[in-house]
>>> print(open('run15.cif').read())   # mmCIF, C-alpha atoms; chains and numbers go by the auth columns
data_input
#
loop_
_atom_site.group_PDB
_atom_site.id
_atom_site.type_symbol
_atom_site.label_atom_id
_atom_site.label_comp_id
_atom_site.label_asym_id
_atom_site.label_seq_id
_atom_site.Cartn_x
_atom_site.Cartn_y
_atom_site.Cartn_z
_atom_site.B_iso_or_equiv
_atom_site.auth_seq_id
_atom_site.auth_asym_id
ATOM 1 C CA MET A 1 21.523 -35.958 9.367 0.00 1 A
ATOM 2 C CA GLY A 2 20.060 -35.177 5.941 0.00 2 A
ATOM 3 C CA THR A 3 16.536 -34.153 5.066 0.00 3 A
ATOM 4 C CA ASP A 4 14.328 -36.987 3.804 0.00 4 A
ATOM 5 C CA ILE A 5 13.260 -36.751 0.171 0.00 5 A
ATOM 6 C CA ARG A 6 9.453 -36.611 0.113 0.00 6 A
ATOM 7 C CA ALA A 7 6.839 -36.534 -2.635 0.00 7 A
ATOM 8 C CA SER A 8 6.961 -32.715 -2.703 0.00 8 A
ATOM 9 C CA THR A 9 10.762 -32.312 -2.553 0.00 9 A
ATOM 10 C CA VAL A 10 12.201 -30.050 -5.262 0.00 10 A
ATOM 11 C CA LEU A 11 16.001 -30.161 -5.541 0.00 11 A
ATOM 12 C CA ALA A 12 18.282 -27.610 -7.192 0.00 12 A
ATOM 13 C CA ALA A 13 18.340 -27.435 -10.999 0.00 13 A
ATOM 14 C CA HIS A 14 18.359 -24.886 -13.776 0.00 14 A
ATOM 15 C CA ARG A 15 14.776 -24.936 -15.083 0.00 15 A
ATOM 16 C CA GLU A 16 13.713 -23.120 -18.220 0.00 16 A
ATOM 17 C CA ASP A 17 10.516 -22.972 -20.219 0.00 17 A
ATOM 18 C CA ILE A 18 11.044 -24.196 -23.755 0.00 18 A
ATOM 19 C CA GLU A 19 9.046 -24.424 -26.976 0.00 19 A
ATOM 20 C CA LEU A 20 9.207 -27.235 -29.508 0.00 20 A
ATOM 21 C CA HIS A 21 8.287 -26.725 -33.154 0.00 21 A
ATOM 22 C CA THR A 22 6.850 -29.634 -35.100 0.00 22 A
ATOM 23 C CA ALA A 23 7.341 -30.360 -38.788 0.00 23 A
ATOM 24 C CA ASP A 24 3.582 -29.902 -39.305 0.00 24 A
ATOM 25 C CA GLY A 25 3.682 -26.360 -37.920 0.00 25 A
ATOM 26 C CA LEU A 26 2.669 -26.630 -34.255 0.00 26 A
ATOM 27 C CA LYS A 27 4.235 -25.023 -31.192 0.00 27 A
ATOM 28 C CA LEU A 28 4.461 -27.288 -28.131 0.00 28 A
ATOM 29 C CA VAL A 29 5.188 -26.032 -24.615 0.00 29 A
ATOM 30 C CA GLY A 30 7.687 -27.694 -22.302 0.00 30 A
ATOM 31 C CA GLU A 31 10.394 -27.382 -19.684 0.00 31 A
ATOM 32 C CA LEU A 32 14.041 -28.395 -19.532 0.00 32 A
ATOM 33 C CA ALA A 33 15.697 -29.068 -16.159 0.00 33 A
ATOM 34 C CA LEU A 34 19.514 -29.234 -16.055 0.00 34 A
ATOM 35 C CA PRO A 35 22.029 -30.059 -13.304 0.00 35 A
ATOM 36 C CA VAL A 36 23.690 -27.137 -11.518 0.00 36 A
ATOM 37 C CA SER A 37 26.785 -26.654 -9.386 0.00 37 A
ATOM 38 C CA GLU A 38 26.477 -27.043 -5.605 0.00 38 A
ATOM 39 C CA ASP A 39 25.989 -23.323 -5.077 0.00 39 A
ATOM 40 C CA GLY A 40 23.482 -23.240 -7.938 0.00 40 A
ATOM 41 C CA SER A 41 25.407 -20.597 -9.872 0.00 41 A
ATOM 42 C CA THR A 42 26.385 -22.556 -12.986 0.00 42 A
ATOM 43 C CA VAL A 43 24.837 -25.243 -15.161 0.00 43 A
ATOM 44 C CA ARG A 44 26.756 -28.537 -15.205 0.00 44 A
ATOM 45 C CA PRO A 45 26.862 -30.750 -18.285 0.00 45 A
ATOM 46 C CA PRO A 46 24.377 -33.627 -17.914 0.00 46 A
ATOM 47 C CA VAL A 47 25.513 -37.230 -18.305 0.00 47 A
ATOM 48 C CA ALA A 48 22.350 -38.159 -20.204 0.00 48 A
ATOM 49 C CA THR A 49 18.910 -36.802 -21.064 0.00 49 A
ATOM 50 C CA LEU A 50 15.406 -38.050 -20.362 0.00 50 A
ATOM 51 C CA VAL A 51 12.875 -37.066 -23.026 0.00 51 A
ATOM 52 C CA CYS A 52 9.554 -37.601 -21.241 0.00 52 A
ATOM 53 C CA LEU A 53 6.425 -38.771 -23.065 0.00 53 A
ATOM 54 C CA HIS A 54 3.381 -38.381 -20.841 0.00 54 A
ATOM 55 C CA PRO A 55 0.246 -40.503 -20.305 0.00 55 A
ATOM 56 C CA LEU A 56 -2.997 -40.144 -22.279 0.00 56 A
ATOM 57 C CA PRO A 57 -4.103 -36.489 -22.371 0.00 57 A
ATOM 58 C CA THR A 58 -7.765 -37.460 -22.762 0.00 58 A
ATOM 59 C CA HIS A 59 -7.465 -39.091 -19.304 0.00 59 A
ATOM 60 C CA GLY A 60 -5.553 -36.298 -17.584 0.00 60 A
ATOM 61 C CA GLY A 61 -2.029 -37.136 -18.770 0.00 61 A
ATOM 62 C CA MET A 62 0.355 -34.194 -19.283 0.00 62 A
ATOM 63 C CA MET A 63 3.964 -33.125 -18.741 0.00 63 A
ATOM 64 C CA ASP A 64 3.199 -32.661 -15.012 0.00 64 A
ATOM 65 C CA SER A 65 1.984 -36.239 -14.492 0.00 65 A
ATOM 66 C CA HIS A 66 3.521 -37.030 -11.126 0.00 66 A
ATOM 67 C CA VAL A 67 6.349 -39.471 -11.957 0.00 67 A
ATOM 68 C CA LEU A 68 7.642 -37.232 -14.757 0.00 68 A
ATOM 69 C CA ARG A 69 7.400 -34.149 -12.557 0.00 69 A
ATOM 70 C CA LYS A 70 9.287 -35.896 -9.748 0.00 70 A
ATOM 71 C CA ALA A 71 11.970 -37.001 -12.210 0.00 71 A
ATOM 72 C CA SER A 72 12.471 -33.331 -13.122 0.00 72 A
ATOM 73 C CA TYR A 73 12.483 -32.317 -9.431 0.00 73 A
ATOM 74 C CA ARG A 74 15.114 -34.863 -8.383 0.00 74 A
ATOM 75 C CA LEU A 75 17.207 -36.376 -11.154 0.00 75 A
ATOM 76 C CA PRO A 76 19.197 -33.317 -12.298 0.00 76 A
ATOM 77 C CA ALA A 77 20.534 -33.000 -8.731 0.00 77 A
ATOM 78 C CA LEU A 78 20.782 -36.675 -7.785 0.00 78 A
ATOM 79 C CA ALA A 79 21.902 -38.245 -11.073 0.00 79 A
ATOM 80 C CA ASP A 80 23.284 -35.470 -13.336 0.00 80 A
ATOM 81 C CA LEU A 81 20.449 -35.962 -15.807 0.00 81 A
ATOM 82 C CA ALA A 82 18.755 -33.421 -18.046 0.00 82 A
ATOM 83 C CA VAL A 83 14.967 -33.848 -17.952 0.00 83 A
ATOM 84 C CA LEU A 84 12.952 -32.571 -20.904 0.00 84 A
ATOM 85 C CA ARG A 85 9.172 -32.601 -20.439 0.00 85 A
ATOM 86 C CA PHE A 86 6.559 -31.240 -22.832 0.00 86 A
ATOM 87 C CA ASN A 87 2.853 -31.345 -23.595 0.00 87 A
ATOM 88 C CA THR A 88 1.971 -33.246 -26.751 0.00 88 A
ATOM 89 C CA ARG A 89 -0.400 -31.576 -29.213 0.00 89 A
ATOM 90 C CA GLY A 90 -3.585 -30.243 -27.643 0.00 90 A
ATOM 91 C CA THR A 91 -2.446 -31.009 -24.088 0.00 91 A
ATOM 92 C CA THR A 92 -2.687 -28.524 -21.199 0.00 92 A
ATOM 93 C CA SER A 93 -0.766 -28.190 -17.932 0.00 93 A
ATOM 94 C CA GLU A 94 0.333 -25.304 -15.704 0.00 94 A
ATOM 95 C CA ARG A 95 3.012 -24.546 -18.310 0.00 95 A
ATOM 96 C CA GLY A 96 0.296 -23.861 -20.879 0.00 96 A
ATOM 97 C CA THR A 97 -1.388 -25.574 -23.817 0.00 97 A
ATOM 98 C CA SER A 98 0.380 -27.037 -26.825 0.00 98 A
ATOM 99 C CA GLN A 99 -1.119 -26.160 -30.187 0.00 99 A
ATOM 100 C CA GLY A 100 -3.062 -28.666 -32.232 0.00 100 A
ATOM 101 C CA SER A 101 -5.363 -31.404 -31.017 0.00 101 A
ATOM 102 C CA PHE A 102 -4.981 -34.949 -29.742 0.00 102 A
ATOM 103 C CA ASP A 103 -4.508 -37.360 -32.651 0.00 103 A
ATOM 104 C CA GLY A 104 -4.635 -40.779 -31.014 0.00 104 A
ATOM 105 C CA GLY A 105 -0.877 -41.312 -31.288 0.00 105 A
ATOM 106 C CA GLU A 106 -0.526 -40.702 -35.026 0.00 106 A
ATOM 107 C CA GLY A 107 0.151 -36.963 -35.462 0.00 107 A
ATOM 108 C CA GLU A 108 2.087 -37.199 -32.205 0.00 108 A
ATOM 109 C CA ARG A 109 4.921 -38.729 -34.227 0.00 109 A
ATOM 110 C CA TRP A 110 5.879 -35.137 -35.097 0.00 110 A
ATOM 111 C CA ASP A 111 5.836 -34.194 -31.392 0.00 111 A
ATOM 112 C CA VAL A 112 8.330 -36.958 -30.571 0.00 112 A
ATOM 113 C CA ALA A 113 10.492 -35.892 -33.518 0.00 113 A
ATOM 114 C CA ALA A 114 10.399 -32.231 -32.385 0.00 114 A
ATOM 115 C CA ALA A 115 11.557 -33.168 -28.872 0.00 115 A
ATOM 116 C CA LEU A 116 14.428 -35.268 -30.188 0.00 116 A
ATOM 117 C CA GLU A 117 15.379 -32.535 -32.650 0.00 117 A
ATOM 118 C CA TYR A 118 15.468 -30.043 -29.746 0.00 118 A
ATOM 119 C CA ALA A 119 17.711 -32.376 -27.720 0.00 119 A
ATOM 120 C CA ASP A 120 20.019 -32.876 -30.694 0.00 120 A
ATOM 121 C CA PHE A 121 20.199 -29.162 -31.610 0.00 121 A
ATOM 122 C CA HIS A 122 20.961 -28.197 -27.983 0.00 122 A
ATOM 123 C CA ASP A 123 23.638 -30.897 -27.620 0.00 123 A
ATOM 124 C CA LEU A 124 21.783 -32.707 -24.843 0.00 124 A
ATOM 125 C CA PRO A 125 23.725 -35.975 -24.521 0.00 125 A
ATOM 126 C CA ASN A 126 22.507 -39.581 -24.700 0.00 126 A
ATOM 127 C CA PRO A 127 18.761 -38.973 -25.045 0.00 127 A
ATOM 128 C CA TRP A 128 16.646 -41.744 -23.545 0.00 128 A
ATOM 129 C CA LEU A 129 12.905 -41.819 -24.142 0.00 129 A
ATOM 130 C CA LEU A 130 10.937 -42.123 -20.905 0.00 130 A
ATOM 131 C CA GLY A 131 7.382 -43.047 -21.817 0.00 131 A
ATOM 132 C CA TRP A 132 4.500 -43.632 -19.437 0.00 132 A
ATOM 133 C CA SER A 133 1.334 -45.451 -20.564 0.00 133 A
ATOM 134 C CA PHE A 134 0.269 -43.622 -23.787 0.00 134 A
ATOM 135 C CA GLY A 135 3.811 -42.228 -23.867 0.00 135 A
ATOM 136 C CA THR A 136 5.191 -45.784 -24.173 0.00 136 A
ATOM 137 C CA GLU A 137 3.126 -46.235 -27.337 0.00 137 A
ATOM 138 C CA LEU A 138 4.659 -43.068 -28.791 0.00 138 A
ATOM 139 C CA ALA A 139 8.154 -44.291 -27.877 0.00 139 A
ATOM 140 C CA LEU A 140 7.620 -47.696 -29.494 0.00 140 A
ATOM 141 C CA LYS A 141 5.939 -46.363 -32.645 0.00 141 A
ATOM 142 C CA TRP A 142 7.968 -43.205 -33.302 0.00 142 A
ATOM 143 C CA GLY A 143 11.155 -43.432 -31.254 0.00 143 A
ATOM 144 C CA HIS A 144 13.437 -45.115 -33.807 0.00 144 A
ATOM 145 C CA ASP A 145 15.661 -42.089 -34.214 0.00 145 A
ATOM 146 C CA PRO A 146 19.439 -42.463 -34.536 0.00 146 A
ATOM 147 C CA VAL A 147 19.979 -40.009 -31.651 0.00 147 A
ATOM 148 C CA VAL A 148 18.004 -42.203 -29.211 0.00 148 A
ATOM 149 C CA ALA A 149 20.166 -44.176 -26.783 0.00 149 A
ATOM 150 C CA GLY A 150 17.311 -46.352 -25.525 0.00 150 A
ATOM 151 C CA ALA A 151 13.815 -46.289 -24.044 0.00 151 A
ATOM 152 C CA ILE A 152 12.291 -46.894 -20.633 0.00 152 A
ATOM 153 C CA LEU A 153 8.599 -47.747 -20.624 0.00 153 A
ATOM 154 C CA LEU A 154 6.403 -47.268 -17.538 0.00 154 A
ATOM 155 C CA SER A 155 3.135 -49.253 -17.548 0.00 155 A
ATOM 156 C CA PRO A 156 3.158 -50.075 -21.287 0.00 156 A
ATOM 157 C CA PRO A 157 -0.395 -51.009 -22.396 0.00 157 A
ATOM 158 C CA LEU A 158 0.729 -52.348 -25.810 0.00 158 A
ATOM 159 C CA ARG A 159 -2.608 -51.357 -27.309 0.00 159 A
ATOM 160 C CA ARG A 160 -1.751 -48.763 -29.967 0.00 160 A
ATOM 161 C CA ALA A 161 1.758 -50.212 -30.288 0.00 161 A
ATOM 162 C CA THR A 162 1.551 -53.465 -32.251 0.00 162 A
ATOM 163 C CA ASP A 163 3.786 -56.496 -32.725 0.00 163 A
ATOM 164 C CA GLU A 164 5.039 -54.753 -35.885 0.00 164 A
ATOM 165 C CA ASP A 165 6.177 -51.830 -33.743 0.00 165 A
ATOM 166 C CA LEU A 166 7.947 -54.232 -31.379 0.00 166 A
ATOM 167 C CA ASP A 167 9.628 -55.920 -34.362 0.00 167 A
ATOM 168 C CA ALA A 168 10.780 -52.505 -35.605 0.00 168 A
ATOM 169 C CA TRP A 169 12.278 -51.800 -32.171 0.00 169 A
ATOM 170 C CA ALA A 170 14.004 -55.190 -32.211 0.00 170 A
ATOM 171 C CA GLU A 171 15.606 -54.222 -35.512 0.00 171 A
ATOM 172 C CA PHE A 172 16.453 -50.745 -34.157 0.00 172 A
ATOM 173 C CA GLY A 173 18.601 -52.559 -31.596 0.00 173 A
ATOM 174 C CA ARG A 174 18.591 -49.969 -28.802 0.00 174 A
ATOM 175 C CA PRO A 175 17.967 -51.004 -25.180 0.00 175 A
ATOM 176 C CA LEU A 176 14.322 -51.274 -24.139 0.00 176 A
ATOM 177 C CA ILE A 177 13.313 -51.565 -20.481 0.00 177 A
ATOM 178 C CA ALA A 178 9.670 -52.058 -19.489 0.00 178 A
ATOM 179 C CA LEU A 179 8.633 -51.450 -15.863 0.00 179 A
ATOM 180 C CA VAL A 180 5.378 -53.336 -15.455 0.00 180 A
ATOM 181 C CA PRO A 181 3.205 -53.021 -12.324 0.00 181 A
ATOM 182 C CA GLU A 182 2.018 -56.249 -10.716 0.00 182 A
ATOM 183 C CA PHE A 183 -1.560 -54.898 -10.691 0.00 183 A
ATOM 184 C CA ASP A 184 -1.560 -52.964 -13.964 0.00 184 A
ATOM 185 C CA ASP A 185 -4.943 -52.279 -15.564 0.00 185 A
ATOM 186 C CA TYR A 186 -3.799 -53.232 -19.084 0.00 186 A
ATOM 187 C CA LEU A 187 -0.685 -55.397 -19.167 0.00 187 A
ATOM 188 C CA ARG A 188 0.747 -57.379 -16.253 0.00 188 A
ATOM 189 C CA PRO A 189 4.267 -58.800 -15.913 0.00 189 A
ATOM 190 C CA ALA A 190 3.700 -62.389 -17.127 0.00 190 A
ATOM 191 C CA GLU A 191 1.928 -61.272 -20.298 0.00 191 A
ATOM 192 C CA ALA A 192 4.463 -58.461 -20.789 0.00 192 A
ATOM 193 C CA VAL A 193 7.304 -61.010 -20.778 0.00 193 A
ATOM 194 C CA GLN A 194 5.528 -62.895 -23.589 0.00 194 A
ATOM 195 C CA ARG A 195 4.730 -59.770 -25.631 0.00 195 A
ATOM 196 C CA PHE A 196 8.221 -58.285 -25.350 0.00 196 A
ATOM 197 C CA ALA A 197 9.906 -61.617 -26.118 0.00 197 A
ATOM 198 C CA ARG A 198 9.998 -60.608 -29.788 0.00 198 A
ATOM 199 C CA VAL A 199 12.476 -57.826 -28.848 0.00 199 A
ATOM 200 C CA PRO A 200 15.704 -59.707 -27.976 0.00 200 A
ATOM 201 C CA GLN A 201 17.246 -56.713 -26.169 0.00 201 A
ATOM 202 C CA ALA A 202 14.104 -55.939 -24.130 0.00 202 A
ATOM 203 C CA GLU A 203 14.084 -56.334 -20.374 0.00 203 A
ATOM 204 C CA VAL A 204 10.808 -56.603 -18.451 0.00 204 A
ATOM 205 C CA VAL A 205 10.924 -55.606 -14.775 0.00 205 A
ATOM 206 C CA GLY A 206 7.821 -56.600 -12.811 0.00 206 A
ATOM 207 C CA VAL A 207 7.188 -54.316 -9.834 0.00 207 A
ATOM 208 C CA GLU A 208 5.464 -56.011 -6.920 0.00 208 A
ATOM 209 C CA GLY A 209 2.465 -54.230 -5.469 0.00 209 A
ATOM 210 C CA ALA A 210 2.515 -51.404 -8.030 0.00 210 A
ATOM 211 C CA LYS A 211 -0.443 -50.181 -10.081 0.00 211 A
ATOM 212 C CA HIS A 212 -0.682 -48.418 -13.450 0.00 212 A
ATOM 213 C CA LEU A 213 -0.390 -44.912 -11.975 0.00 213 A
ATOM 214 C CA TRP A 214 2.578 -45.635 -9.649 0.00 214 A
ATOM 215 C CA VAL A 215 0.849 -43.875 -6.756 0.00 215 A
ATOM 216 C CA GLY A 216 2.884 -43.775 -3.548 0.00 216 A
ATOM 217 C CA GLU A 217 6.418 -42.594 -2.822 0.00 217 A
ATOM 218 C CA PRO A 218 7.848 -46.159 -2.528 0.00 218 A
ATOM 219 C CA TYR A 219 6.839 -46.881 -6.142 0.00 219 A
ATOM 220 C CA VAL A 220 8.134 -43.546 -7.411 0.00 220 A
ATOM 221 C CA ARG A 221 11.491 -44.359 -5.817 0.00 221 A
ATOM 222 C CA ILE A 222 11.585 -47.770 -7.487 0.00 222 A
ATOM 223 C CA VAL A 223 10.847 -46.186 -10.882 0.00 223 A
ATOM 224 C CA LEU A 224 13.468 -43.437 -10.510 0.00 224 A
ATOM 225 C CA ASP A 225 16.065 -45.948 -9.285 0.00 225 A
ATOM 226 C CA GLU A 226 15.438 -48.255 -12.246 0.00 226 A
ATOM 227 C CA ILE A 227 15.738 -45.304 -14.641 0.00 227 A
ATOM 228 C CA VAL A 228 19.037 -44.157 -13.149 0.00 228 A
ATOM 229 C CA LYS A 229 20.423 -47.715 -13.068 0.00 229 A
ATOM 230 C CA ARG A 230 20.121 -47.773 -16.865 0.00 230 A
ATOM 231 C CA VAL A 231 20.871 -44.189 -17.800 0.00 231 A
ATOM 232 C CA ASN A 232 23.627 -43.257 -15.319 0.00 232 A
ATOM 233 C CA PRO A 233 24.546 -46.384 -13.322 0.00 233 A
ATOM 234 C CA ALA A 234 27.232 -44.520 -11.371 0.00 234 A
ATOM 235 C CA ALA A 235 24.487 -42.535 -9.588 0.00 235 A
ATOM 236 C CA ALA A 236 22.477 -45.592 -8.484 0.00 236 A
ATOM 237 C CA PRO A 237 20.974 -46.315 -6.050 0.00 237 A
ATOM 238 C CA LEU A 238 19.555 -42.881 -5.407 0.00 238 A
ATOM 239 C CA PRO A 239 19.806 -41.452 -1.901 0.00 239 A
ATOM 240 C CA THR A 240 16.620 -41.176 0.159 0.00 240 A
ATOM 241 C CA SER A 241 17.791 -38.011 1.909 0.00 241 A
ATOM 242 C CA VAL A 242 19.843 -34.942 1.020 0.00 242 A
#
>>> encode(input="run15.cif", output="structure tokens")
Amino acid sequence: MGTDIRASTVLAAHREDIELHTADGLKLVGELALPVSEDGSTVRPPVATLVCLHPLPTHGGMMDSHVLRKASYRLPALADLAVLRFNTRGTTSERGTSQGSFDGGEGERWDVAAALEYADFHDLPNPWLLGWSFGTELALKWGHDPVVAGAILLSPPLRRATDEDLDAWAEFGRPLIALVPEFDDYLRPAEAVQRFARVPQAEVVGVEGAKHLWVGEPYVRIVLDEIVKRVNPAAAPLPTSV
């Protein structure tokens, strides 16, 4: 009999504090979680990397927003993924405060670039952008980097990101998966299907019963399963106990 994975479960990984340096001179704080061997003594090469872009910092979003934190707690061990989380400019969490100030998604282009540059420089394989709410806007607007393997969007509002940004992603050609809660505050599945139709490679997954913040362990599990299905299909579905 295994132990059930709960909201607070933290599985083995190598976790290190990191700093990102932006082209406009800011230092951003973050953390990188990597898979380890069964006895925890050595780091194992990840299959792919999640570069996490958090929700709106002016509404409490940060690198520790719960779905991103749970991805870092579970996915290195369960799916051989590296999970890179960081605070965008001016954002605070337990890890500390990133320099600079919130810029409504514009100056944050340099934050996205710094995270991808870090992944590239440290040979983190197959970087996928994992954006949530405001983070989805950053992915759509600033994620067209040759190193990016694809993007997964949680609760995309499509407010700052425009049809022009969607057209640019269509041209970029990388996979785009949008997980859209049935009861989202901003964009619900039927409208999301229409909006994302201009991106031929986009896939919209409506999640029954879910809300914008994905509160509740059943919804977290759905999100993490959908991520792993795309990024490391061999590890899906994720176990519910260890």
>>> residues_around(input="run15.cif", residues="Ser65 in chain A", least_positions_apart="3", cutoff="8 Å", atoms="only C-alpha atoms", output="list in words")
His54, Pro55, Gly61, Met62, Leu68 and Arg69 of chain A
>>> closest_atom_pairs(input="run15.cif", of="range 91-160 of chain A", to="range 4-23 of chain A", cutoff="12 Å", atoms="only C-alpha atoms", output="Markdown table")
| residue | atom | partner | partner_atom | distance |
| --- | --- | --- | --- | --- |
| A:Glu94 | CA | A:Asp17 | CA | 11.4 |
| A:Arg95 | CA | A:Asp17 | CA | 7.9 |
| A:Gly96 | CA | A:Asp17 | CA | 10.3 |
| A:Thr97 | CA | A:Glu19 | CA | 11.0 |
| A:Ser98 | CA | A:Glu19 | CA | 9.1 |
| A:Gln99 | CA | A:His21 | CA | 9.9 |
| A:Gly100 | CA | A:Thr22 | CA | 10.4 |
| A:Gly107 | CA | A:Thr22 | CA | 9.9 |
| A:Glu108 | CA | A:Thr22 | CA | 9.4 |
| A:Arg109 | CA | A:Thr22 | CA | 9.3 |
| A:Trp110 | CA | A:Thr22 | CA | 5.6 |
| A:Asp111 | CA | A:Thr22 | CA | 6.0 |
| A:Val112 | CA | A:Thr22 | CA | 8.7 |
| A:Ala113 | CA | A:Thr22 | CA | 7.4 |
| A:Ala114 | CA | A:Thr22 | CA | 5.2 |
| A:Ala115 | CA | A:Leu20 | CA | 6.4 |
| A:Leu116 | CA | A:Leu20 | CA | 9.6 |
| A:Glu117 | CA | A:Leu20 | CA | 8.7 |
| A:Tyr118 | CA | A:Leu20 | CA | 6.9 |
| A:Ala119 | CA | A:Leu20 | CA | 10.1 |
| A:Phe121 | CA | A:Leu20 | CA | 11.4 |
| A:His122 | CA | A:Ile18 | CA | 11.5 |
>>> residues_around(input="run15.cif", residues="range 150-154 of chain A", least_positions_apart="5", cutoff="7 Å", atoms="all atoms listed in the file", output="number ranges by chain")
A: 128-133, 136, 174-180
>>> closest_residue(input="run15.cif", among="A:Val36, A:Leu224, A:Val51, A:Leu187", to="Arg159 in chain A", atoms="only C-alpha atoms")
A:Leu187
>>> resolve_selection(input="run15.cif", expression="the PyMOL selection byres ((chain A and resi 85) around 8)", output="list in words")
Gly30, Glu31, Leu32, Val51, Cys52, Leu53, Met63, Leu68, Val83, Leu84, Phe86 and Asn87 of chain A
>>> resolve_selection(input="run15.cif", expression="the PyMOL selection byres ((chain A and resi 203-215) around 10)", output="ChimeraX atom specification")
/A:55,65-67,132-133,152-157,175-190,192-197,199-202,216-223,226
>>> residues_around(input="run15.cif", residues="Ala235 in chain A", least_positions_apart="5", cutoff="12 Å", atoms="only C-alpha atoms", output="PyMOL selection string")
chain A and resi 47-48+75-81+224-230
>>> residues_around(input="run15.cif", residues="Ala168 in chain A", least_positions_apart="3", cutoff="12 Å", atoms="all atoms listed in the file", output="JSON, numbers by chain")
{"A": [139, 140, 141, 142, 143, 144, 145, 161, 162, 163, 164, 165, 171, 172, 173, 174, 198, 199, 200]}
>>> write_last_selection(input="run15.cif", atoms="C-alpha atoms", output="compact mmCIF listing (two decimals), keeping the file's coordinate frame")
# COMPACT_ATOMS: atom_id res chain seq x y z
CA ALA A 139 8.15 -44.29 -27.88
CA LEU A 140 7.62 -47.70 -29.49
CA LYS A 141 5.94 -46.36 -32.65
CA TRP A 142 7.97 -43.20 -33.30
CA GLY A 143 11.16 -43.43 -31.25
CA HIS A 144 13.44 -45.12 -33.81
CA ASP A 145 15.66 -42.09 -34.21
CA ALA A 161 1.76 -50.21 -30.29
CA THR A 162 1.55 -53.46 -32.25
CA ASP A 163 3.79 -56.50 -32.72
CA GLU A 164 5.04 -54.75 -35.88
CA ASP A 165 6.18 -51.83 -33.74
CA GLU A 171 15.61 -54.22 -35.51
CA PHE A 172 16.45 -50.74 -34.16
CA GLY A 173 18.60 -52.56 -31.60
CA ARG A 174 18.59 -49.97 -28.80
CA ARG A 198 10.00 -60.61 -29.79
CA VAL A 199 12.48 -57.83 -28.85
CA PRO A 200 15.70 -59.71 -27.98
>>> atom_distance(input="run15.cif", atom1="CA of Gly90 in chain A", atom2="CA of Leu158 in chain A")
22.6 Å
>>> atom_distance(input="run15.cif", atom1="CA of Ser93 in chain A", atom2="CA of Pro127 in chain A")
23.4 Å
>>> atom_distance(input="run15.cif", atom1="CA of Leu56 in chain A", atom2="CA of Glu191 in chain A")
21.8 Å
>>> resolve_selection(input="run15.cif", expression="the PyMOL selection byres ((chain A and resi 2) around 10)", output="number ranges by chain")
A: 1, 3-5, 240-242
>>> closest_residue(input="run15.cif", among="A:Trp169, A:Ala82, A:Pro146, A:Asp103", to="Thr49 in chain A", atoms="all atoms listed in the file")
A:Ala82
